[in-house]
>>> print(open('protein23.cif').read())   # mmCIF, C-alpha atoms
data_input
loop_
_atom_site.label_atom_id
_atom_site.label_comp_id
_atom_site.auth_asym_id
_atom_site.auth_seq_id
_atom_site.Cartn_x
_atom_site.Cartn_y
_atom_site.Cartn_z
CA MET G 1 44.19 -55.23 70.11
CA GLY G 2 41.01 -56.37 71.91
CA ASP G 3 38.93 -59.29 70.94
CA TRP G 4 36.04 -58.86 68.49
CA PRO G 5 32.55 -59.35 69.84
CA GLU G 6 30.75 -62.58 69.22
CA GLY G 7 29.33 -62.79 65.69
CA TRP G 8 31.28 -59.90 64.09
CA THR G 9 34.08 -59.88 61.51
CA ARG G 10 36.53 -57.35 60.31
CA GLY G 11 35.37 -57.47 56.68
CA ASP G 12 37.96 -55.83 54.43
CA ARG G 13 39.85 -54.11 57.24
CA ARG G 14 42.33 -56.87 57.99
CA GLY G 15 44.99 -56.21 60.55
CA GLU G 16 43.20 -53.19 62.05
CA GLU G 17 41.12 -52.84 65.12
CA PRO G 18 37.74 -51.35 64.24
CA SER G 19 36.78 -48.08 65.72
CA PRO G 20 33.40 -47.57 67.37
CA ASP G 21 32.11 -45.98 64.16
CA ASP G 22 33.36 -48.90 62.10
CA ARG G 23 31.67 -51.37 64.36
CA THR G 24 28.29 -49.76 63.85
CA GLN G 25 28.56 -50.25 60.11
CA ILE G 26 29.66 -53.91 60.13
CA MET G 27 27.02 -56.36 59.01
CA PRO G 28 26.34 -59.63 60.82
CA ARG G 29 28.48 -62.61 59.81
CA ASP G 30 25.59 -64.62 58.50
CA SER G 31 24.26 -61.81 56.27
CA VAL G 32 27.46 -60.68 54.55
CA PRO G 33 29.73 -63.45 53.28
CA ARG G 34 33.39 -63.06 53.79
CA ARG G 35 35.28 -61.76 50.69
CA PRO G 36 37.51 -64.45 49.28
CA SER G 37 41.17 -64.00 49.77
CA SER G 38 41.68 -64.01 46.02
CA GLY G 39 40.45 -60.43 45.94
CA THR G 40 37.26 -61.10 44.01
CA ARG G 41 34.22 -58.96 44.73
CA LYS G 42 31.80 -60.13 47.42
CA PRO G 43 28.41 -61.26 46.14
CA LEU G 44 25.47 -59.02 46.99
CA PRO G 45 23.16 -60.11 49.76
CA ARG G 46 20.12 -62.09 48.85
CA ARG G 47 16.97 -60.11 48.34
CA GLU G 48 14.95 -62.17 50.72
CA GLU G 49 17.35 -61.33 53.52
CA TYR G 50 16.36 -57.66 53.31
CA GLY G 51 12.72 -58.32 52.65
CA ALA G 52 10.67 -57.53 49.47
CA PRO G 53 9.42 -53.97 48.84
CA PRO G 54 5.80 -53.33 49.61
CA GLU G 55 3.34 -54.03 46.83
CA ALA G 56 2.39 -50.95 44.80
CA PRO G 57 -1.11 -49.66 45.57
CA THR G 58 -3.70 -50.28 42.90
CA ARG G 59 -6.68 -48.40 41.52
CA GLU G 60 -9.82 -49.93 40.16
CA TYR G 61 -11.03 -49.09 36.64
CA GLY G 62 -14.20 -51.04 36.06
CA ARG G 63 -13.52 -54.66 36.97
CA ASP G 64 -9.77 -54.65 36.42
CA ARG G 65 -7.29 -53.72 39.06
CA VAL G 66 -4.57 -51.55 37.53
CA PRO G 67 -1.37 -50.96 39.49
CA GLU G 68 -0.88 -47.31 40.30
CA PRO G 69 2.39 -45.94 38.90
CA PRO G 70 5.03 -45.21 41.52
CA ARG G 71 5.11 -41.69 42.76
CA ARG G 72 8.23 -39.71 42.09
CA THR G 73 9.73 -37.68 44.85
CA THR G 74 11.73 -34.54 44.61
CA SER G 75 15.51 -34.80 44.75
CA ALA G 76 15.82 -32.76 47.92
CA ALA G 77 14.58 -34.13 51.19
CA ALA G 78 12.03 -32.12 53.10
CA PRO G 79 13.42 -30.37 56.17
CA GLY G 80 12.97 -32.08 59.47
CA GLY G 81 12.78 -35.53 57.93
CA ALA G 82 9.28 -34.99 56.57
CA THR G 83 8.09 -37.01 53.66
CA PRO G 84 8.84 -35.19 50.33
CA ARG G 85 5.89 -34.00 48.21
CA THR G 86 4.97 -36.25 45.33
CA ALA G 87 4.67 -34.94 41.76
CA GLY G 88 1.39 -36.59 40.88
CA GLY G 89 -0.89 -36.70 43.87
CA GLY G 90 -2.22 -34.53 46.61
CA GLY G 91 -4.32 -32.27 44.36
CA ARG G 92 -3.31 -29.62 41.81
CA ARG G 93 0.04 -28.00 42.55
CA THR G 94 -0.01 -24.22 42.52
CA GLY G 95 1.56 -22.66 39.45
CA GLN G 96 2.14 -25.95 37.61
CA GLY G 97 -1.27 -26.71 36.15
CA GLY G 98 -0.68 -30.44 36.53
CA GLN G 99 -3.30 -33.13 36.46
CA GLY G 100 -2.92 -34.09 40.09
CA GLY G 101 -5.65 -35.15 42.46
CA SER G 102 -6.55 -37.91 44.80
CA GLY G 103 -6.65 -40.33 41.91
CA GLY G 104 -3.00 -39.79 40.99
CA GLY G 105 -2.28 -39.74 37.27
CA GLY G 106 0.74 -38.33 35.47
CA PHE G 107 2.05 -34.78 35.80
CA ARG G 108 1.89 -32.79 32.56
CA PRO G 109 4.06 -29.64 32.55
CA PRO G 110 2.40 -26.49 31.13
CA ARG G 111 3.34 -25.09 27.77
CA ARG G 112 5.91 -22.40 27.94
CA THR G 113 6.48 -19.45 25.65
CA SER G 114 9.93 -18.22 24.69
CA SER G 115 9.81 -15.75 27.60
CA GLY G 116 9.13 -18.53 30.11
CA GLY G 117 5.50 -17.64 30.91
CA SER G 118 2.38 -19.51 30.04
CA ARG G 119 0.99 -18.82 26.54
CA PRO G 120 -2.07 -16.53 26.77
CA ARG G 121 -5.26 -17.71 25.12
CA VAL G 122 -6.83 -15.29 22.61
CA SER G 123 -10.57 -15.74 22.28
CA GLY G 124 -12.54 -15.22 19.08
CA ARG G 125 -14.35 -12.33 20.68
CA THR G 126 -11.05 -10.52 21.26
CA VAL G 127 -10.04 -11.00 17.62
CA ARG G 128 -13.40 -9.73 16.35
CA ARG G 129 -13.22 -6.75 18.65
CA GLY G 130 -9.72 -5.90 17.41
CA LEU G 131 -10.81 -6.10 13.77
CA LEU G 132 -13.82 -3.90 14.48
CA VAL G 133 -11.64 -1.28 16.16
CA ALA G 134 -9.23 -1.33 13.20
CA LEU G 135 -12.06 -0.92 10.69
CA VAL G 136 -13.56 1.97 12.63
CA ALA G 137 -10.15 3.65 12.84
CA LEU G 138 -9.64 3.29 9.08
CA LEU G 139 -13.13 4.66 8.43
CA VAL G 140 -12.50 7.67 10.65
CA LEU G 141 -9.14 8.34 9.00
CA GLY G 142 -10.70 7.99 5.55
CA VAL G 143 -13.50 10.44 6.32
CA ALA G 144 -11.07 12.89 7.91
CA GLY G 145 -8.74 12.64 4.92
CA PHE G 146 -11.62 13.13 2.48
CA VAL G 147 -12.83 16.25 4.30
CA THR G 148 -9.30 17.65 4.51
CA LEU G 149 -8.57 17.09 0.82
CA ASP G 150 -11.94 18.44 -0.26
CA SER G 151 -11.36 21.61 1.75
CA LYS G 152 -8.03 22.17 -0.02
CA LEU G 153 -9.56 22.15 -3.51
CA HIS G 154 -9.73 25.44 -5.36
CA ARG G 155 -13.14 26.18 -6.89
CA ILE G 156 -13.75 28.13 -10.10
CA ASP G 157 -17.06 29.44 -11.37
CA ALA G 158 -16.54 28.01 -14.83
CA LEU G 159 -19.81 26.29 -15.78
CA ALA G 160 -22.93 28.46 -15.99
CA ASP G 161 -26.26 28.33 -17.75
CA TYR G 162 -26.99 30.61 -20.70
CA ASP G 163 -29.48 30.85 -23.50
CA GLY G 164 -28.87 28.25 -26.19
CA ARG G 165 -26.66 25.99 -23.99
CA PRO G 166 -26.53 22.37 -25.29
CA ALA G 167 -28.77 19.86 -23.55
CA GLU G 168 -27.33 17.26 -21.21
CA THR G 169 -25.65 14.36 -22.99
CA PRO G 170 -25.00 10.79 -21.76
CA GLY G 171 -21.68 10.01 -20.17
CA GLN G 172 -19.49 12.57 -18.46
CA ASP G 173 -17.53 15.29 -20.25
CA TRP G 174 -14.57 17.16 -18.74
CA LEU G 175 -12.72 20.21 -20.02
CA LEU G 176 -9.09 19.87 -18.91
CA VAL G 177 -7.10 23.08 -19.02
CA GLY G 178 -3.41 23.67 -18.42
CA SER G 179 -2.74 27.35 -17.88
CA ASP G 180 0.54 29.25 -17.98
CA SER G 181 -0.14 30.77 -14.58
CA ARG G 182 3.04 31.53 -12.62
CA LYS G 183 1.10 31.71 -9.36
CA GLY G 184 3.06 30.09 -6.53
CA LEU G 185 6.40 30.33 -8.37
CA SER G 186 9.23 32.40 -6.93
CA ALA G 187 11.73 34.25 -9.12
CA GLU G 188 14.14 31.36 -8.64
CA ASP G 189 11.44 28.84 -9.64
CA ARG G 190 10.58 30.80 -12.79
CA LYS G 191 14.25 30.86 -13.76
CA LYS G 192 14.67 27.14 -13.08
CA LEU G 193 11.54 26.20 -15.03
CA ALA G 194 12.19 28.72 -17.83
CA THR G 195 8.63 30.04 -17.59
CA GLY G 196 9.54 33.67 -18.26
CA ARG G 197 7.92 36.71 -16.67
CA ALA G 198 4.76 36.94 -18.76
CA ALA G 199 1.95 38.74 -16.96
CA GLY G 200 -1.68 37.62 -17.00
CA GLN G 201 -2.89 34.10 -17.57
CA ARG G 202 -3.40 32.11 -20.76
CA THR G 203 -4.06 28.51 -21.65
CA ASP G 204 -1.31 26.25 -22.96
CA THR G 205 -3.35 23.05 -22.99
CA MET G 206 -7.02 22.28 -23.65
CA MET G 207 -8.43 18.77 -23.88
CA LEU G 208 -11.95 17.38 -23.95
CA LEU G 209 -12.33 14.09 -22.04
CA HIS G 210 -15.45 11.97 -22.60
CA ILE G 211 -16.08 9.15 -20.09
CA PRO G 212 -18.82 6.79 -21.39
CA GLU G 213 -21.63 5.49 -19.20
CA GLY G 214 -20.86 1.86 -19.97
CA SER G 215 -17.64 -0.08 -19.89
CA GLY G 216 -16.11 1.52 -22.98
CA ARG G 217 -12.80 3.35 -23.01
CA PRO G 218 -12.72 7.11 -22.46
CA THR G 219 -11.86 9.39 -25.39
CA LEU G 220 -9.35 12.22 -24.93
CA VAL G 221 -9.48 14.92 -27.63
CA SER G 222 -6.86 17.65 -27.92
CA LEU G 223 -8.15 21.11 -28.80
CA PRO G 224 -5.19 23.04 -30.26
CA ARG G 225 -4.91 26.42 -28.56
CA ASP G 226 -4.53 28.14 -31.96
CA SER G 227 -7.83 26.67 -33.23
CA TYR G 228 -9.66 29.41 -35.15
CA VAL G 229 -13.19 29.43 -33.69
CA SER G 230 -16.12 31.71 -32.91
CA ILE G 231 -15.98 33.15 -29.40
CA PRO G 232 -19.45 34.20 -28.11
CA GLY G 233 -19.65 37.99 -28.11
CA LYS G 234 -16.01 38.38 -29.29
CA GLY G 235 -16.01 37.28 -32.92
CA ARG G 236 -13.60 34.76 -34.42
CA ASN G 237 -10.24 34.28 -32.80
CA LYS G 238 -7.85 31.68 -31.42
CA LEU G 239 -9.39 29.35 -28.85
CA ASN G 240 -6.98 30.37 -26.09
CA ALA G 241 -8.04 34.00 -26.57
CA ALA G 242 -11.38 33.10 -25.00
CA TYR G 243 -9.60 32.47 -21.70
CA THR G 244 -7.70 35.75 -21.95
CA LEU G 245 -10.87 37.71 -22.78
CA GLY G 246 -13.32 36.10 -20.35
CA GLY G 247 -11.56 33.59 -18.13
CA PRO G 248 -12.70 30.00 -17.51
CA LYS G 249 -16.39 30.79 -17.92
CA LEU G 250 -16.01 32.20 -21.47
CA LEU G 251 -13.62 29.40 -22.43
CA ALA G 252 -16.08 26.70 -21.29
CA ARG G 253 -18.94 28.38 -23.15
CA THR G 254 -16.83 28.61 -26.32
CA VAL G 255 -16.00 24.89 -26.20
CA GLU G 256 -19.65 23.97 -25.69
CA THR G 257 -20.67 26.21 -28.61
CA VAL G 258 -18.19 24.80 -31.14
CA THR G 259 -18.54 21.13 -30.11
CA GLY G 260 -22.26 20.94 -29.23
CA ILE G 261 -21.35 19.01 -26.05
CA ARG G 262 -22.55 20.16 -22.63
CA LEU G 263 -19.65 20.10 -20.14
CA ASP G 264 -20.16 18.36 -16.80
CA ARG G 265 -16.84 19.17 -15.17
CA TYR G 266 -14.00 21.68 -15.46
CA MET G 267 -10.43 21.18 -14.18
CA GLU G 268 -7.48 23.55 -14.43
CA ILE G 269 -3.84 23.25 -13.38
CA GLY G 270 -0.96 25.73 -13.45
CA PHE G 271 2.80 25.34 -13.82
CA ALA G 272 3.52 24.92 -10.09
CA GLY G 273 0.83 22.28 -9.63
CA PHE G 274 2.00 20.45 -12.73
CA VAL G 275 5.54 20.07 -11.37
CA GLY G 276 4.31 19.08 -7.90
CA ILE G 277 2.14 16.23 -9.17
CA VAL G 278 4.90 14.77 -11.34
CA ASP G 279 7.41 14.86 -8.49
CA ALA G 280 4.85 13.37 -6.05
CA ILE G 281 4.55 10.19 -8.14
CA GLY G 282 8.31 9.89 -8.52
CA GLY G 283 8.51 11.10 -12.13
CA VAL G 284 6.87 9.83 -15.29
CA GLU G 285 8.31 7.71 -18.09
CA LEU G 286 8.03 9.17 -21.60
CA CYS G 287 9.58 8.09 -24.88
CA PRO G 288 10.41 10.99 -27.23
CA LYS G 289 11.09 9.79 -30.77
CA GLU G 290 13.55 12.57 -31.47
CA SER G 291 16.01 14.67 -29.53
CA ILE G 292 14.63 18.07 -28.50
CA LYS G 293 16.64 21.12 -27.50
CA ASP G 294 14.72 24.24 -26.57
CA PRO G 295 16.39 26.88 -24.35
CA LYS G 296 13.08 28.78 -24.05
CA ALA G 297 11.52 25.75 -22.35
CA GLY G 298 14.71 24.80 -20.49
CA LEU G 299 14.80 21.52 -22.36
CA ASN G 300 17.65 19.37 -23.67
CA LEU G 301 16.34 15.84 -24.25
CA LYS G 302 17.77 12.81 -25.99
CA LYS G 303 15.41 10.50 -27.84
CA GLY G 304 14.34 7.27 -26.21
CA CYS G 305 12.43 6.23 -23.11
CA GLN G 306 13.39 8.00 -19.90
CA VAL G 307 11.88 8.99 -16.54
CA MET G 308 11.30 12.75 -16.41
CA ASP G 309 11.02 14.77 -13.24
CA GLY G 310 8.64 17.71 -12.85
CA PRO G 311 10.72 20.49 -14.49
CA THR G 312 11.77 18.27 -17.41
CA ALA G 313 8.21 17.05 -18.04
CA LEU G 314 6.93 20.65 -17.97
CA GLY G 315 9.42 21.65 -20.64
CA TYR G 316 8.51 18.58 -22.69
CA VAL G 317 4.80 19.43 -22.89
CA ARG G 318 5.41 23.18 -23.44
CA THR G 319 8.02 23.13 -26.18
CA ARG G 320 7.11 23.92 -29.78
CA ALA G 321 10.64 23.37 -31.12
CA THR G 322 9.67 20.54 -33.48
CA ALA G 323 8.61 20.36 -37.13
CA ARG G 324 4.81 20.61 -36.57
CA ALA G 325 5.02 23.04 -33.65
CA ASP G 326 1.66 23.19 -31.84
CA LEU G 327 0.29 20.00 -33.43
CA ASP G 328 3.29 18.05 -32.11
CA ARG G 329 2.86 19.67 -28.73
CA VAL G 330 -0.79 18.62 -28.28
CA LYS G 331 0.21 15.05 -29.07
CA ARG G 332 2.91 15.13 -26.39
CA GLN G 333 0.41 16.62 -23.94
CA ARG G 334 -2.00 13.73 -24.48
CA GLN G 335 0.81 11.21 -24.03
CA PHE G 336 1.96 12.92 -20.88
CA PHE G 337 -1.52 13.16 -19.33
CA ALA G 338 -2.22 9.48 -19.97
CA ALA G 339 1.19 8.49 -18.54
CA VAL G 340 0.69 10.56 -15.37
CA VAL G 341 -2.76 9.08 -14.69
CA SER G 342 -1.51 5.55 -15.36
CA GLN G 343 1.41 6.04 -12.97
CA ALA G 344 -0.77 7.68 -10.31
CA THR G 345 -3.27 4.79 -10.32
CA SER G 346 -0.66 2.02 -10.34
CA PRO G 347 -0.37 -0.30 -7.29
CA GLY G 348 3.16 0.96 -6.68
CA VAL G 349 1.76 4.43 -5.93
CA LEU G 350 -1.69 3.69 -4.50
CA LEU G 351 -0.42 1.05 -2.03
CA ASN G 352 2.59 3.11 -0.99
CA PRO G 353 1.56 5.76 1.55
CA PHE G 354 4.81 7.64 0.96
CA ARG G 355 3.64 8.15 -2.64
CA SER G 356 -0.16 8.16 -2.47
CA VAL G 357 -0.52 10.62 0.43
CA PRO G 358 1.79 13.31 -1.05
CA LEU G 359 0.12 12.77 -4.43
CA ALA G 360 -3.37 13.28 -2.97
CA PHE G 361 -2.39 16.51 -1.23
CA SER G 362 -0.38 17.77 -4.22
CA ALA G 363 -3.32 17.14 -6.55
CA ALA G 364 -5.81 18.77 -4.18
CA ASP G 365 -3.61 21.82 -3.84
CA ALA G 366 -2.62 22.01 -7.51
CA VAL G 367 -5.91 21.73 -9.39
CA SER G 368 -8.94 24.00 -9.58
CA LEU G 369 -12.37 22.48 -10.17
CA ASP G 370 -15.80 23.82 -11.01
CA GLY G 371 -17.93 24.84 -8.06
CA SER G 372 -19.94 21.62 -7.73
CA ALA G 373 -17.04 19.13 -8.05
CA HIS G 374 -15.49 17.24 -5.15
CA VAL G 375 -12.58 14.91 -4.43
CA HIS G 376 -14.53 11.80 -5.45
CA ASN G 377 -15.08 13.34 -8.92
CA LEU G 378 -11.34 13.82 -9.26
CA ALA G 379 -10.71 10.23 -8.16
CA GLY G 380 -13.31 8.99 -10.66
CA LEU G 381 -11.50 10.85 -13.43
CA ALA G 382 -8.20 9.22 -12.51
CA PHE G 383 -9.56 5.67 -12.35
CA ALA G 384 -11.55 6.10 -15.57
CA MET G 385 -8.29 6.99 -17.30
CA GLY G 386 -6.39 4.13 -15.69
CA ASP G 387 -7.01 1.60 -18.48
CA GLY G 388 -5.79 3.98 -21.18
CA PRO G 389 -8.06 6.28 -23.18
CA ILE G 390 -8.51 6.60 -26.92
CA THR G 391 -6.52 9.70 -27.83
CA THR G 392 -7.00 11.97 -30.82
CA THR G 393 -6.82 15.55 -32.04
CA VAL G 394 -9.62 17.49 -33.68
CA PRO G 395 -9.25 16.80 -37.43
CA VAL G 396 -7.31 19.69 -39.01
CA ALA G 397 -7.83 21.04 -42.53
CA SER G 398 -5.08 23.68 -42.72
CA THR G 399 -2.78 25.96 -40.70
CA PRO G 400 -2.88 29.37 -42.46
CA THR G 401 -1.53 32.69 -41.24
CA LEU G 402 -4.22 35.34 -40.97
CA PRO G 403 -3.69 39.12 -40.82
CA GLY G 404 -3.96 40.46 -37.28
CA VAL G 405 -4.29 36.98 -35.81
CA GLY G 406 -1.16 35.11 -36.87
CA SER G 407 -0.80 31.38 -37.47
CA VAL G 408 -4.03 29.51 -36.79
CA VAL G 409 -5.41 25.97 -36.98
CA GLN G 410 -8.57 25.51 -39.04
CA TRP G 411 -10.61 22.37 -38.35
CA ASP G 412 -11.87 19.92 -40.92
CA ARG G 413 -15.51 20.80 -40.27
CA ALA G 414 -17.11 17.63 -41.66
CA ARG G 415 -14.85 15.20 -39.80
CA ALA G 416 -14.87 17.31 -36.63
CA LEU G 417 -18.67 17.32 -36.67
CA ARG G 418 -18.80 13.51 -36.90
CA LEU G 419 -16.32 13.25 -33.99
CA PHE G 420 -18.33 15.49 -31.66
CA GLU G 421 -21.68 13.96 -32.66
CA ALA G 422 -20.38 10.50 -31.71
CA LEU G 423 -19.20 11.77 -28.31
CA ALA G 424 -22.47 13.61 -27.66
CA ALA G 425 -24.43 10.41 -28.37
CA ASP G 426 -22.00 8.30 -26.27
CA ARG G 427 -21.13 6.18 -29.30
CA GLU G 428 -17.82 4.80 -30.50
CA VAL G 429 -15.90 7.36 -32.53
CA PRO G 430 -15.53 6.42 -36.22
CA LYS G 431 -12.00 5.29 -36.90
CA ASP G 432 -11.64 7.46 -40.03
CA VAL G 433 -11.94 10.64 -37.95
CA LEU G 434 -9.38 9.67 -35.33
CA VAL G 435 -6.08 11.55 -35.64
CA THR G 436 -3.20 9.89 -33.85
CA ASN G 437 -0.20 11.69 -35.38
#
>>> encode(input="protein23.cif", output="structure tokens")
Amino acid sequence: MGDWPEGWTRGDRRGEEPSPDDRTQIMPRDSVPRRPSSGTRKPLPRREEYGAPPEAPTREYGRDRVPEPPRRTTSAAAPGGATPRTAGGGGRRTGQGGQGGSGGGGFRPPRRTSSGGSRPRVSGRTVRRGLLVALVALLVLGVAGFVTLDSKLHRIDALADYDGRPAETPGQDWLLVGSDSRKGLSAEDRKKLATGRAAGQRTDTMMLLHIPEGSGRPTLVSLPRDSYVSIPGKGRNKLNAAYTLGGPKLLARTVETVTGIRLDRYMEIGFAGFVGIVDAIGGVELCPKESIKDPKAGLNLKKGCQVMDGPTALGYVRTRATARADLDRVKRQRQFFAAVVSQATSPGVLLNPFRSVPLAFSAADAVSLDGSAHVHNLAGLAFAMGDGPITTTVPVASTPTLPGVGSVVQWDRARALRLFEALAADREVPKDVLVTN
């Protein structure tokens, strides 16, 4: 082995001749102390031997000199030995949104969304514009729906002027008629609903609804179809005969004549429309107090509360297979009508488009209104009934059987007169004339 050059030592490589590469890495003897032979670790060189790091540059803020924080460099060296870019200086870095610049400062990373991009800023003007577009769209849809529904309504020339017609009375008075029309029913439907094959058209249900001008409750009065009354130009007969003899117009005139109340609106519904409305609201809950079995009406009910579908509800309001026959039926009809309106105006139906939209179109297609009525009149009727009306039947004196006419219902004239006078004057009906059974 050759001799070592002057001032160099082998370090830890004892017994070996250093290679040229090794020699370039060996420190001078006076800078690196020799490791003790005991095998302990060599002490690090003194700091002053390597020289102190340069003093950090400072920035002036007012009168104080504040040291500038050290700049961080990237982990990878720039190609070609160039100085790496710093994270804080040199101006704003593209795509990072940092707070760089000649003055330095810290680097603040941008906010990131879950997708990795920057979160977009939504201005108040954009929000207001979106709300305005939504409101306009709803308005357009509402107007279009109103026009469509109004065009589907069937109109009937039921209310007409004539000599001796009662004067206008306060409030609003409707004549609600349920006919036994089979229009729209196929042979299979008639068999399923047990409606029979009767020709022509008669009235099964007649009710007078008075809606007061103020905040009072509406009053719903059943007019039994067998009521024995005077029909203008036809003599005395059952009330439903007026419809058979002269249609809606003669029926409306007969009701105005015997009650002294001028009608403002007329609404009629047949069997098919009846079933469609009940099914559109998902059925109606009724509580019969006794079991009813009537093959003629296709009905076999147990007593107690239950949800009835369209065909079952139709049989329930048509049947006369109970002790008081027609008088029991008009009571069930009032209960049913109030229950349907209450269900139709409930939040569960109105706020559910899968219920409210089919209901609106079923009602528009099912009912017939007088010539001057529109969809908003029908909606007003429904909401007026929403809180629950006062229900009653015209006070009855007797139910005799008359030759050539059959079983009829004769009104208690004194009590009936007081009832209709209160409605005509838009006053509360005296409790002693209300019939609830």
>>> closest_residue(input="protein23.cif", among="G:Arg165, G:Arg225, G:Arg355, G:Arg128", to="Asp326 (chain G)", atoms="only C-alpha atoms")
G:Arg225
>>> atom_distance(input="protein23.cif", atom1="CA of Thr148 (chain G)", atom2="CA of Ser372 (chain G)")
16.7 Å
>>> residues_around(input="protein23.cif", residues="Leu350 (chain G)", least_positions_apart="2", cutoff="12 Å", atoms="all atoms listed in the file", output="ChimeraX atom specification")
/G:280-281,341-348,352-360,379,382-383
>>> residues_near_point(input="protein23.cif", point="(-20.4, 18.1, -19.3)", cutoff="6 Å", atoms="only C-alpha atoms", output="ChimeraX atom specification")
/G:172-174,262-265
>>> resolve_selection(input="protein23.cif", expression="the PyMOL selection byres ((chain G and resi 328) around 12)", output="list in words")
Ser222, Pro224, Pro288, Lys289, Glu290, Ile292, Tyr316, Val317, Arg318, Thr319, Arg320, Ala321, Thr322, Ala323, Arg324, Ala325, Asp326, Leu327, Arg329, Val330, Lys331, Arg332, Gln333, Arg334, Gln335, Thr393, Val435, Thr436 and Asn437 of chain G
